[in-house]
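**Student:** Next comes the structure file upload37.tsv, holding TSV, C-alpha atoms.
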chain	number	residue	atom	x	y	z
A	250	MET	CA	25.86	4.96	0.50
A	251	ASN	CA	24.73	6.46	-2.79
A	252	GLN	CA	22.80	4.14	-5.05
A	253	PRO	CA	24.68	3.04	-8.19
A	254	LEU	CA	21.70	3.45	-10.51
A	255	ARG	CA	18.81	5.89	-10.71
A	256	ILE	CA	15.45	4.11	-10.85
A	257	ALA	CA	12.55	5.85	-12.60
A	258	VAL	CA	8.87	5.36	-11.82
A	259	THR	CA	7.29	5.45	-15.27
A	260	GLY	CA	3.83	3.93	-14.75
A	261	LEU	CA	1.18	3.90	-12.02
A	262	GLY	CA	-1.89	1.77	-11.39
A	263	LEU	CA	-4.45	1.81	-8.57
A	264	VAL	CA	-7.46	-0.14	-7.42
A	265	THR	CA	-8.98	1.24	-4.22
A	266	ALA	CA	-12.28	1.88	-2.52
A	267	ALA	CA	-12.29	5.24	-4.31
A	268	GLY	CA	-12.45	3.50	-7.69
A	269	VAL	CA	-10.54	1.53	-10.27
A	270	GLY	CA	-7.86	3.80	-11.68
A	271	VAL	CA	-5.35	6.40	-10.58
A	272	THR	CA	-7.53	9.38	-11.47
A	273	GLU	CA	-10.47	8.29	-9.33
A	274	THR	CA	-8.33	7.68	-6.26
A	275	TRP	CA	-6.30	10.89	-6.59
A	276	GLN	CA	-9.49	12.95	-6.90
A	277	ARG	CA	-10.90	11.38	-3.75
A	278	LEU	CA	-7.67	11.93	-1.86
A	279	ARG	CA	-7.53	15.56	-2.89
A	280	ALA	CA	-11.09	15.98	-1.59
A	281	GLY	CA	-10.07	14.36	1.70
A	282	THR	CA	-13.34	12.43	2.12
A	283	ALA	CA	-13.25	8.92	3.54
A	284	THR	CA	-14.51	5.90	1.59
A	285	ALA	CA	-15.64	3.78	4.54
A	286	ALA	CA	-19.22	2.56	4.32
A	287	PRO	CA	-21.49	-0.25	5.50
A	288	ASP	CA	-20.38	-3.44	3.73
A	289	PRO	CA	-22.98	-6.10	2.82
A	290	GLU	CA	-20.19	-8.70	2.66
A	291	LEU	CA	-19.50	-8.10	6.36
A	292	GLU	CA	-23.14	-8.14	7.45
A	293	GLY	CA	-23.65	-9.77	10.84
A	294	LEU	CA	-20.09	-9.19	12.02
A	295	PRO	CA	-19.19	-6.94	14.97
A	296	VAL	CA	-17.73	-4.38	12.54
A	297	PRO	CA	-19.94	-4.42	9.43
A	298	PHE	CA	-18.21	-1.63	7.50
A	299	ALA	CA	-15.06	-1.33	5.41
A	300	CYS	CA	-13.46	0.44	2.47
A	301	ARG	CA	-14.54	-1.95	-0.29
A	302	VAL	CA	-13.48	-1.78	-3.97
A	303	PRO	CA	-16.52	-1.10	-6.20
A	304	ALA	CA	-17.41	-4.28	-8.09
A	305	ALA	CA	-18.62	-2.99	-11.46
A	306	PRO	CA	-15.51	-1.09	-12.60
A	307	LEU	CA	-13.30	-3.93	-11.35
A	308	LYS	CA	-15.16	-6.44	-13.51
A	309	ALA	CA	-14.50	-4.24	-16.55
A	310	ALA	CA	-10.83	-3.75	-15.65
A	311	ALA	CA	-10.05	-7.44	-15.08
A	312	PRO	CA	-12.49	-9.38	-17.30
A	313	GLY	CA	-12.59	-13.17	-17.37
A	314	LEU	CA	-10.87	-13.74	-14.02
A	315	ALA	CA	-13.81	-13.87	-11.60
A	316	TRP	CA	-14.32	-17.63	-11.64
A	317	ARG	CA	-10.63	-18.57	-11.38
A	318	ALA	CA	-9.00	-15.82	-9.32
A	319	ASP	CA	-9.73	-14.35	-5.91
A	320	PRO	CA	-10.28	-10.59	-5.66
A	321	PHE	CA	-6.69	-9.82	-4.59
A	322	ILE	CA	-5.47	-11.35	-7.85
A	323	ARG	CA	-7.98	-9.36	-9.90
A	324	PHE	CA	-6.97	-6.17	-8.10
A	325	ALA	CA	-3.31	-6.78	-8.93
A	326	VAL	CA	-4.03	-7.55	-12.58
A	327	ALA	CA	-6.20	-4.44	-13.03
A	328	ALA	CA	-3.61	-2.17	-11.39
A	329	ALA	CA	-0.76	-3.73	-13.36
A	330	ARG	CA	-2.58	-3.30	-16.66
A	331	GLU	CA	-3.11	0.36	-15.90
A	332	ALA	CA	0.51	0.88	-14.82
A	333	VAL	CA	1.98	-0.85	-17.89
A	334	ALA	CA	-0.27	1.12	-20.24
A	335	ASP	CA	0.57	4.32	-18.37
A	336	ALA	CA	4.27	3.63	-18.87
A	337	GLY	CA	3.74	3.17	-22.62
A	338	LEU	CA	5.07	-0.36	-22.43
A	339	GLY	CA	3.80	-3.82	-23.33
A	340	GLN	CA	4.73	-6.99	-25.14
A	341	ASP	CA	5.69	-5.12	-28.33
A	342	ALA	CA	7.91	-2.69	-26.44
A	343	TRP	CA	10.05	-4.88	-24.20
A	344	ASP	CA	12.15	-8.01	-24.04
A	345	ALA	CA	9.82	-10.28	-22.03
A	346	PRO	CA	12.53	-12.35	-20.27
A	347	ARG	CA	13.96	-9.06	-18.97
A	348	VAL	CA	10.68	-7.95	-17.33
A	349	ALA	CA	10.27	-8.79	-13.64
A	350	VAL	CA	7.11	-8.91	-11.53
A	351	VAL	CA	7.16	-8.48	-7.74
A	352	ILE	CA	3.81	-8.31	-5.93
A	353	GLY	CA	3.39	-8.22	-2.15
A	354	VAL	CA	0.44	-9.91	-0.46
A	355	GLY	CA	-0.13	-9.91	3.28
A	356	GLY	CA	-2.57	-12.82	3.47
A	357	SER	CA	-5.79	-12.99	1.49
A	358	SER	CA	-8.35	-15.72	0.67
A	359	HIS	CA	-9.12	-16.65	4.28
A	360	ASP	CA	-12.82	-17.08	3.46
A	361	GLN	CA	-12.03	-19.57	0.66
A	362	THR	CA	-9.82	-21.59	2.99
A	363	LEU	CA	-12.45	-21.53	5.74
A	364	ALA	CA	-15.13	-22.81	3.34
A	365	ALA	CA	-12.81	-25.61	2.20
A	366	SER	CA	-12.07	-26.52	5.82
A	367	ALA	CA	-15.79	-26.74	6.56
A	368	ALA	CA	-16.25	-29.04	3.57
A	369	LEU	CA	-13.42	-31.25	4.83
A	370	THR	CA	-14.93	-31.44	8.30
A	371	GLU	CA	-18.23	-32.52	6.78
A	372	ARG	CA	-16.44	-34.94	4.42
A	373	ARG	CA	-17.88	-33.13	1.38
A	374	PHE	CA	-14.68	-33.53	-0.59
A	375	GLN	CA	-16.30	-32.80	-3.95
A	376	ALA	CA	-17.29	-29.38	-2.62
A	377	ILE	CA	-13.65	-28.31	-2.56
A	378	PRO	CA	-13.09	-26.52	-5.88
A	379	PRO	CA	-10.18	-27.82	-7.98
A	380	THR	CA	-9.20	-24.18	-8.50
A	381	LEU	CA	-8.79	-23.50	-4.76
A	382	ILE	CA	-4.98	-23.46	-4.68
A	383	PRO	CA	-4.25	-21.48	-7.87
A	384	ARG	CA	-7.02	-18.98	-7.17
A	385	ALA	CA	-6.00	-18.37	-3.57
A	386	ALA	CA	-2.22	-18.86	-3.21
A	387	PRO	CA	-0.50	-15.53	-2.41
A	388	ASN	CA	2.10	-15.97	-5.17
A	389	MET	CA	-0.63	-16.09	-7.81
A	390	ALA	CA	-1.06	-12.31	-7.82
A	391	ALA	CA	2.44	-12.02	-9.29
A	392	GLY	CA	1.82	-15.11	-11.43
A	393	TYR	CA	-1.36	-13.77	-13.02
A	394	VAL	CA	0.18	-10.33	-13.56
A	395	GLY	CA	3.07	-11.98	-15.41
A	396	MET	CA	0.70	-14.06	-17.52
A	397	THR	CA	-1.53	-11.09	-18.28
A	398	VAL	CA	1.18	-8.67	-19.43
A	399	GLY	CA	3.60	-11.27	-20.81
A	400	ALA	CA	6.44	-10.73	-18.33
A	401	GLN	CA	8.87	-13.66	-18.30
A	402	GLY	CA	11.60	-12.41	-15.97
A	403	PRO	CA	11.89	-13.03	-12.21
A	404	THR	CA	8.38	-13.35	-10.80
A	405	LEU	CA	8.30	-12.98	-7.04
A	406	SER	CA	5.87	-12.56	-4.15
A	407	THR	CA	6.78	-10.77	-0.94
A	408	SER	CA	4.98	-11.12	2.38
A	409	THR	CA	5.95	-8.77	5.19
A	410	ALA	CA	2.45	-8.19	6.56
A	411	CYS	CA	1.40	-4.55	6.15
A	412	ALA	CA	4.79	-3.67	4.64
A	413	SER	CA	4.42	-6.22	1.82
A	414	GLY	CA	3.71	-3.72	-0.98
A	415	ALA	CA	6.58	-1.41	-0.03
A	416	THR	CA	8.90	-4.41	0.33
A	417	ALA	CA	7.92	-5.55	-3.17
A	418	ILE	CA	8.78	-2.17	-4.68
A	419	GLY	CA	12.09	-2.04	-2.82
A	420	THR	CA	12.89	-5.59	-3.96
A	421	ALA	CA	12.10	-4.68	-7.55
A	422	ALA	CA	14.50	-1.75	-7.36
A	423	LEU	CA	17.19	-4.11	-6.09
A	424	LEU	CA	16.58	-6.42	-9.07
A	425	LEU	CA	17.07	-3.49	-11.43
A	426	ARG	CA	20.22	-2.38	-9.65
A	427	ALA	CA	21.61	-5.94	-9.83
A	428	GLY	CA	20.99	-6.11	-13.58
A	429	MET	CA	18.52	-8.99	-13.25
A	430	CYS	CA	15.85	-7.18	-15.27
A	431	ASP	CA	15.32	-4.08	-17.38
A	432	VAL	CA	11.71	-3.38	-16.35
A	433	ALA	CA	10.00	-4.25	-13.07
A	434	ILE	CA	6.26	-4.30	-12.40
A	435	ALA	CA	5.93	-4.06	-8.64
A	436	GLY	CA	3.35	-3.40	-5.96
A	437	GLY	CA	0.96	-4.98	-3.50
A	438	SER	CA	-2.57	-6.34	-3.39
A	439	GLU	CA	-5.03	-7.45	-0.74
A	440	SER	CA	-8.71	-8.28	-0.49
A	441	ALA	CA	-10.86	-7.87	2.60
A	442	SER	CA	-12.58	-10.96	4.00
A	443	ARG	CA	-15.01	-11.81	6.77
A	444	VAL	CA	-12.33	-13.81	8.57
A	445	THR	CA	-9.86	-10.92	8.39
A	446	SER	CA	-12.43	-8.48	9.74
A	447	ALA	CA	-13.49	-10.75	12.59
A	448	ALA	CA	-9.89	-11.57	13.53
A	449	PHE	CA	-8.76	-7.95	13.67
A	450	TRP	CA	-11.87	-7.05	15.67
A	451	ARG	CA	-11.09	-9.85	18.13
A	452	MET	CA	-7.56	-8.46	18.41
A	453	GLY	CA	-8.97	-5.02	19.26
A	454	ALA	CA	-7.34	-3.41	16.22
A	455	LEU	CA	-10.47	-2.36	14.28
A	456	SER	CA	-12.47	0.79	14.85
A	457	THR	CA	-15.90	-0.03	16.25
A	458	ARG	CA	-17.41	3.32	15.31
A	459	THR	CA	-20.43	1.59	13.76
A	460	HIS	CA	-22.57	4.71	14.16
A	461	ASP	CA	-20.16	6.70	11.96
A	462	PRO	CA	-18.20	4.56	9.46
A	463	VAL	CA	-17.11	7.58	7.42
A	464	GLY	CA	-15.48	9.10	10.49
A	465	ALA	CA	-13.95	5.88	11.78
A	466	SER	CA	-10.49	6.07	10.22
A	467	ARG	CA	-8.89	9.06	11.94
A	468	PRO	CA	-5.09	8.70	12.20
A	469	PHE	CA	-3.41	10.85	14.85
A	470	ASP	CA	-6.78	12.07	16.14
A	471	ARG	CA	-7.39	12.09	19.89
A	472	ASP	CA	-10.57	10.02	19.49
A	473	ARG	CA	-9.25	7.31	17.16
A	474	ASP	CA	-10.13	3.77	18.20
A	475	GLY	CA	-8.63	1.52	15.53
A	476	PHE	CA	-8.24	1.10	11.79
A	477	VAL	CA	-10.84	0.55	9.08
A	478	LEU	CA	-10.34	-2.51	6.91
A	479	GLY	CA	-9.64	-1.67	3.29
A	480	GLU	CA	-8.61	-3.51	0.15
A	481	GLY	CA	-7.13	-2.86	-3.27
A	482	ALA	CA	-3.85	-2.78	-5.14
A	483	GLY	CA	-1.12	-0.38	-6.10
A	484	VAL	CA	1.39	-1.09	-8.86
A	485	VAL	CA	4.32	0.86	-10.28
A	486	VAL	CA	6.48	0.30	-13.33
A	487	LEU	CA	10.17	0.79	-12.61
A	488	GLU	CA	13.03	1.20	-15.08
A	489	ARG	CA	16.58	2.41	-14.93
A	490	ALA	CA	16.39	6.15	-15.46
A	491	ALA	CA	18.79	6.01	-18.41
A	492	ASP	CA	16.53	3.48	-20.17
A	493	ALA	CA	13.44	5.58	-19.51
A	494	ARG	CA	15.21	8.63	-20.87
A	495	ALA	CA	16.35	6.76	-23.97
A	496	ARG	CA	12.76	5.89	-24.88
A	497	ARG	CA	11.58	9.41	-23.99
A	498	ALA	CA	9.37	8.32	-21.14
A	499	ARG	CA	8.14	10.92	-18.67
A	500	PRO	CA	8.74	9.52	-15.17
A	501	TYR	CA	6.58	10.51	-12.25
A	502	ALA	CA	9.51	10.33	-9.86
A	503	LEU	CA	12.82	8.67	-9.10
A	504	LEU	CA	12.92	5.90	-6.52
A	505	THR	CA	16.19	6.69	-4.79
A	506	GLY	CA	15.98	5.11	-1.33
A	507	TYR	CA	14.86	1.82	0.16
A	508	GLY	CA	15.29	0.76	3.76
A	509	ALA	CA	14.08	-2.30	5.65
A	510	SER	CA	14.42	-3.55	9.21
A	511	GLY	CA	13.04	-5.90	11.84
A	512	ASP	CA	11.99	-4.98	15.37
A	513	ALA	CA	12.77	-8.40	16.92
A	514	HIS	CA	10.33	-7.29	19.63
A	515	HIS	CA	6.73	-8.59	19.46
A	516	ALA	CA	4.35	-10.40	17.12
A	517	THR	CA	1.87	-7.54	16.81
A	518	SER	CA	3.09	-4.51	18.77
A	519	PRO	CA	5.80	-2.17	17.50
A	520	HIS	CA	8.89	-1.45	19.55
A	521	PRO	CA	7.81	1.21	22.07
A	522	GLU	CA	10.47	3.64	20.83
A	523	GLY	CA	9.91	2.74	17.19
A	524	GLU	CA	13.52	1.62	16.88
A	525	GLY	CA	12.88	-0.63	13.89
A	526	ALA	CA	10.90	2.10	12.14
A	527	GLN	CA	13.75	4.53	12.78
A	528	ARG	CA	16.29	2.13	11.30
A	529	ALA	CA	14.21	1.60	8.17
A	530	MET	CA	13.87	5.35	7.63
A	531	ARG	CA	17.54	6.01	8.27
A	532	SER	CA	18.52	3.17	5.92
A	533	ALA	CA	16.35	4.68	3.18
A	534	LEU	CA	17.97	8.08	3.72
A	535	ALA	CA	21.45	6.55	3.52
A	536	ASP	CA	20.50	4.61	0.40
A	537	ALA	CA	19.30	7.81	-1.25
A	538	GLY	CA	22.35	9.78	-0.10
A	539	LEU	CA	20.11	12.25	1.69
A	540	ALA	CA	19.99	13.85	5.13
A	541	ALA	CA	16.80	14.03	7.17
A	542	HIS	CA	16.43	17.75	6.42
A	543	ASP	CA	16.25	16.95	2.68
A	544	ILE	CA	12.85	15.29	3.09
A	545	ASP	CA	9.97	17.65	2.34
A	546	HIS	CA	7.01	15.42	3.22
A	547	VAL	CA	6.13	12.07	4.79
A	548	ASN	CA	3.28	9.84	3.66
A	549	ALA	CA	2.91	8.06	6.99
A	550	HIS	CA	1.89	4.49	7.77
A	551	ALA	CA	-0.69	6.07	10.12
A	552	THR	CA	-3.17	3.25	10.72
A	553	SER	CA	-5.43	5.04	13.24
A	554	THR	CA	-4.65	2.61	16.06
A	555	LEU	CA	-3.90	4.06	19.48
A	556	LEU	CA	-0.41	2.62	19.92
A	557	ASN	CA	0.93	2.57	16.38
A	558	ASP	CA	0.21	6.22	15.63
A	559	ARG	CA	1.98	7.35	18.78
A	560	VAL	CA	4.99	5.11	18.15
A	561	GLU	CA	5.26	6.29	14.54
A	562	ALA	CA	5.08	9.93	15.61
A	563	HIS	CA	7.85	9.28	18.14
A	564	ALA	CA	9.99	7.57	15.49
A	565	LEU	CA	9.51	10.46	13.06
A	566	ARG	CA	10.60	12.97	15.68
A	567	ALA	CA	13.62	10.82	16.53
A	568	VAL	CA	14.72	10.76	12.88
A	569	PHE	CA	13.80	14.30	11.85
A	570	GLY	CA	13.76	16.38	15.01
A	571	THR	CA	10.98	18.50	13.57
A	572	PRO	CA	9.34	16.30	10.93
A	573	PRO	CA	8.15	17.77	7.63
A	574	PRO	CA	4.41	17.88	6.82
A	575	VAL	CA	2.70	14.50	7.18
A	576	THR	CA	-0.39	13.00	5.59
A	577	ALA	CA	-2.33	9.77	6.21
A	578	THR	CA	-3.70	8.06	3.10
A	579	LYS	CA	-5.44	5.40	5.22
A	580	SER	CA	-7.76	8.07	6.61
A	581	VAL	CA	-9.44	8.10	3.19
A	582	LEU	CA	-8.87	4.59	1.81
A	583	GLY	CA	-8.72	2.48	4.95
A	584	HIS	CA	-5.96	0.01	5.77
A	585	SER	CA	-5.46	-2.35	2.85
A	586	LEU	CA	-2.86	-4.39	4.73
A	587	GLY	CA	-0.36	-5.91	2.25
A	588	ALA	CA	-1.42	-3.47	-0.46
A	589	ALA	CA	-1.13	-0.33	1.69
A	590	GLY	CA	2.58	0.38	1.16
A	591	ALA	CA	2.26	0.07	-2.60
A	592	ILE	CA	-0.87	2.22	-2.76
A	593	GLU	CA	0.89	4.87	-0.69
A	594	ALA	CA	3.98	4.68	-2.94
A	595	VAL	CA	1.74	5.46	-5.91
A	596	VAL	CA	0.16	8.32	-3.97
A	597	THR	CA	3.65	9.61	-3.12
A	598	ALA	CA	4.59	9.62	-6.80
A	599	LEU	CA	1.40	11.57	-7.57
A	600	THR	CA	2.22	14.00	-4.76
A	601	LEU	CA	5.55	14.74	-6.44
A	602	ARG	CA	4.02	15.02	-9.91
A	603	HIS	CA	1.32	17.46	-8.77
A	604	GLN	CA	3.38	19.17	-6.05
A	605	LEU	CA	0.40	18.77	-3.76
A	606	ILE	CA	-0.07	16.96	-0.43
A	607	HIS	CA	-3.53	15.48	0.00
A	608	PRO	CA	-5.30	16.19	3.31
A	609	SER	CA	-5.88	13.61	6.01
A	610	ALA	CA	-9.55	12.96	6.72
A	611	ASN	CA	-11.27	13.07	10.09
A	612	LEU	CA	-8.51	14.77	12.06
A	613	ASP	CA	-10.47	17.05	14.38
A	614	ARG	CA	-8.21	17.16	17.45
A	615	LEU	CA	-4.59	16.08	17.31
A	616	ASP	CA	-3.65	13.58	20.03
A	617	ASP	CA	-1.85	15.36	22.86
A	618	GLY	CA	0.98	12.84	22.60
A	619	ILE	CA	1.55	13.45	18.89
A	620	ASP	CA	3.51	16.51	17.81
A	621	LEU	CA	3.28	16.47	14.02
A	622	ASP	CA	2.29	18.89	11.27
A	623	VAL	CA	-0.51	16.81	9.76
A	624	VAL	CA	-2.08	18.20	6.58
A	625	THR	CA	-5.85	18.45	7.05
A	626	LYS	CA	-8.99	20.01	5.58
A	627	GLN	CA	-7.43	21.20	2.30
A	628	PRO	CA	-4.66	19.97	-0.04
A	629	ARG	CA	-1.39	21.72	0.67
A	630	PRO	CA	0.78	22.83	-2.26
A	631	GLY	CA	4.52	22.88	-1.77
A	632	SER	CA	7.93	22.75	-3.33
A	633	LEU	CA	8.45	19.01	-2.94
A	634	HIS	CA	11.72	17.43	-4.02
A	635	ALA	CA	12.08	14.34	-1.80
A	636	VAL	CA	9.28	12.43	-0.07
A	637	LEU	CA	9.40	9.51	2.36
A	638	THR	CA	6.69	6.87	2.68
A	639	THR	CA	6.66	4.39	5.56
A	640	SER	CA	5.17	0.93	6.07
A	641	PHE	CA	5.25	-1.15	9.24
A	642	GLY	CA	3.95	-4.70	9.59
A	643	PHE	CA	3.20	-7.37	12.17
A	644	GLY	CA	6.28	-9.27	13.22
A	645	GLY	CA	8.13	-5.97	13.34
A	646	GLN	CA	8.75	-5.92	9.60
A	647	ASN	CA	9.40	-2.37	8.43
A	648	ALA	CA	10.02	-0.73	5.06
A	649	ALA	CA	10.62	2.84	3.92
A	650	LEU	CA	10.82	4.25	0.41
A	651	ILE	CA	12.14	7.62	-0.76
A	652	LEU	CA	10.93	9.12	-4.02
A	653	GLN	CA	12.42	12.25	-5.53
A	654	ARG	CA	11.25	14.73	-8.11
A	655	CYS	CA	12.71	14.16	-11.57
Please render this file's structure as structure tokens.
**Tutor:**
Amino acid sequence: MNQPLRIAVTGLGLVTAAGVGVTETWQRLRAGTATAAPDPELEGLPVPFACRVPAAPLKAAAPGLAWRADPFIRFAVAAAREAVADAGLGQDAWDAPRVAVVIGVGGSSHDQTLAASAALTERRFQAIPPTLIPRAAPNMAAGYVGMTVGAQGPTLSTSTACASGATAIGTAALLLRAGMCDVAIAGGSESASRVTSAAFWRMGALSTRTHDPVGASRPFDRDRDGFVLGEGAGVVVLERAADARARRARPYALLTGYGASGDAHHATSPHPEGEGAQRAMRSALADAGLAAHDIDHVNAHATSTLLNDRVEAHALRAVFGTPPPVTATKSVLGHSLGAAGAIEAVVTALTLRHQLIHPSANLDRLDDGIDLDVVTKQPRPGSLHAVLTTSFGFGGQNAALILQRC
């Protein structure tokens, strides 16, 4: 089914381990060098490294929020500010009740909750900060973004685990199509915590390559042993293409397809044939009115875990036959959980703008069970018209987005 309205991506914002801002992250991705490093905040844990957002530029990008907002909120606010400014919009250029905010969060602030639980156990009730709920509740990323930029339309939070950011962008497009807003600020945000790191290690999902953090995130590589925890935010500004054209905006891309599905299979493992992933991709293709052969590139979910990479490769081959060139953004930035799909949507828009696929890091020997054309070593230029980006989360919650060249 063809979509009734063309949705334009007119603004981009990023906060990642590569830096605060789109330019810093795109430069690092083009270089194909990983950001993983020993992390003082994870000292003493079994996996003491991560892809951590640099503190100094974040403080400058989201001033005044440190004492009342957890990092995932500050990430979202900084990325949203950049995206809105990039789109040439703001409170003087829009009708505030017609501006929506949709931010996905997988599940942050575990350390704050753990500290409060310890205080309760010890009956130190006064040690529980009165700001605990508003600084840690997942919906407050969207809430603070709305307050910061003056958006008074629908303000929503999505939570579909590692697909949360992509789900948020897809939901925002649906709001625009339904006429519920004229502008949508959408994306995902997540902050890394000690509890998150320890829990994923206990699950066996994290890389334990402590002797080589930079080489630890290696999607599709034969020697991969798990993902590297990341954090950050990605935000896009969406408008109906006709509205963007009327104000002479220069869109990065058109968001033409959104697909979502559920595996109904297992709490943490994907369906062994990737059936849910296939359905999400096929739904996105149908939504965009495209055939599989129209897709020129895939920005893959590609977490660097043993099972998930193989299942995703199988799903891609089932949908495409011979898949187009693939890249893995998490090889450079780590796995930012609920923010990952949004960060990768921003990267996909940049890929279309620059007509350049960034290389995957650390892919030395392709897994024998994975038959994909993965871009490595150097950026690959191409004639890119339609690009797919995939996101798959715990609980079998899947999302796929298709962006097309303007």
**Student:** Excluding Leu263 (chain A) and its own-chain neighbours fewer than 6 positions away, which residues fall within 7 Å of it when counting all atoms listed in the file? Please give them as a VMD selection string.
**Tutor:** chain A and resid 269 to 271 328 482 to 484 592
**Student:** Give me, as a ChimeraX atom specification, all polymer residues having an atom no more than 6 Å from Arg467 (chain A), counting all atoms listed in the file and skipping those fewer than 2 positions away in the same chain.
**Tutor:** /A:465,470,473,553,580,611-612
**Student:** Taking only C-alpha atoms into account, name the residue in A:Thr416, A:Thr459, A:Ser640, A:Gln340 that is nearest to Thr552 (chain A).
**Tutor:**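 Of all the options, A:Ser640 lies closest to Thr552 (chain A).
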**Student:** Check the smallest atom-to-atom distance from each of A:Ala588, A:Ala562, A:Val258, A:Leu637 to Thr407 (chain A) using only C-alpha atoms, then report the winner.
**Tutor:**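 For Thr407 (chain A), the nearest of the given residues is A:Ala588.
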**Student:** Taking (4.9, -3.8, -21.0) in the coordinates of the supplied file, I want to know which residues reach to within 7 Å of it, counting only C-alpha atoms; could you give the answer as a JSON list (two decimals) with C-alpha atoms, keeping the file's coordinate frame?
**Tutor:**
[["chain", "number", "residue", "atom", "x", "y", "z"],
["A", 333, "VAL", "CA", 1.98, -0.85, -17.89],
["A", 338, "LEU", "CA", 5.07, -0.36, -22.43],
["A", 339, "GLY", "CA", 3.80, -3.82, -23.33],
["A", 340, "GLN", "CA", 4.73, -6.99, -25.14],
["A", 342, "ALA", "CA", 7.91, -2.69, -26.44],
["A", 343, "TRP", "CA", 10.05, -4.88, -24.20],
["A", 398, "VAL", "CA", 1.18, -8.67, -19.43]]
**Student:** Do you know which residues are at most 8 Å from region 564-575 of chain A counting only C-alpha atoms, after dropping those on the same chain fewer than 6 positions away, and could you put them as a JSON list (two decimals) with C-alpha atoms, in the frame of the given file?
**Tutor:**
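The result, written out as around.json:
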[["chain", "number", "residue", "atom", "x", "y", "z"],
["A", 522, "GLU", "CA", 10.47, 3.64, 20.83],
["A", 523, "GLY", "CA", 9.91, 2.74, 17.19],
["A", 524, "GLU", "CA", 13.52, 1.62, 16.88],
["A", 526, "ALA", "CA", 10.90, 2.10, 12.14],
["A", 527, "GLN", "CA", 13.75, 4.53, 12.78],
["A", 530, "MET", "CA", 13.87, 5.35, 7.63],
["A", 531, "ARG", "CA", 17.54, 6.01, 8.27],
["A", 541, "ALA", "CA", 16.80, 14.03, 7.17],
["A", 542, "HIS", "CA", 16.43, 17.75, 6.42],
["A", 544, "ILE", "CA", 12.85, 15.29, 3.09],
["A", 545, "ASP", "CA", 9.97, 17.65, 2.34],
["A", 546, "HIS", "CA", 7.01, 15.42, 3.22],
["A", 547, "VAL", "CA", 6.13, 12.07, 4.79],
["A", 548, "ASN", "CA", 3.28, 9.84, 3.66],
["A", 549, "ALA", "CA", 2.91, 8.06, 6.99],
["A", 621, "LEU", "CA", 3.28, 16.47, 14.02],
["A", 622, "ASP", "CA", 2.29, 18.89, 11.27],
["A", 623, "VAL", "CA", -0.51, 16.81, 9.76],
["A", 624, "VAL", "CA", -2.08, 18.20, 6.58]]
**Student:** CA of Thr272 (chain A) to CA of Ile606 (chain A): how many Å, to one decimal?
**Tutor:**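 About the pair CA of Thr272 (chain A) and CA of Ile606 (chain A): they are 15.3 Å apart.
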**Student:** For the atom pair CA of His607 (chain A) and CA of Arg497 (chain A), what is the interatomic distance in Å to one decimal place?
**Tutor:** 29.0 Å
**Student:** Just how far from CA of Leu601 (chain A) is CA of Gly464 (chain A), in Å to one decimal?
**Tutor:** 27.6 Å
**Student:** Using all atoms listed in the file, can you tell me which of A:Val485, A:Val348, A:Ala495, A:Ala286 comes closest to His460 (chain A)?
**Tutor:**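 Of A:Val485, A:Val348, A:Ala495, A:Ala286, the one nearest His460 (chain A) is A:Ala286, counting all atoms listed in the file.
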**Student:** Kindly indicate which residue among A:Pro519, A:Phe469, A:Leu503, A:Asn557 lies nearest to Ala635 (chain A), using only C-alpha atoms for the distances.
**Tutor:** A:Leu503
**Student:** Find the residue from A:Val477, A:Leu555, A:Leu487, A:Leu455 that sits nearest to Asp617 (chain A); use all atoms listed in the file when measuring.
**Tutor:**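 Closest residue, counting all atoms listed in the file: A:Leu555.
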**Student:** Using only C-alpha atoms, pick whichever of A:Arg602, A:Arg426, A:His520, A:Arg471 has the shortest atom-to-atom distance to Tyr507 (chain A).
**Tutor:**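 Among the listed residues, A:Arg426 lies closest to Tyr507 (chain A).
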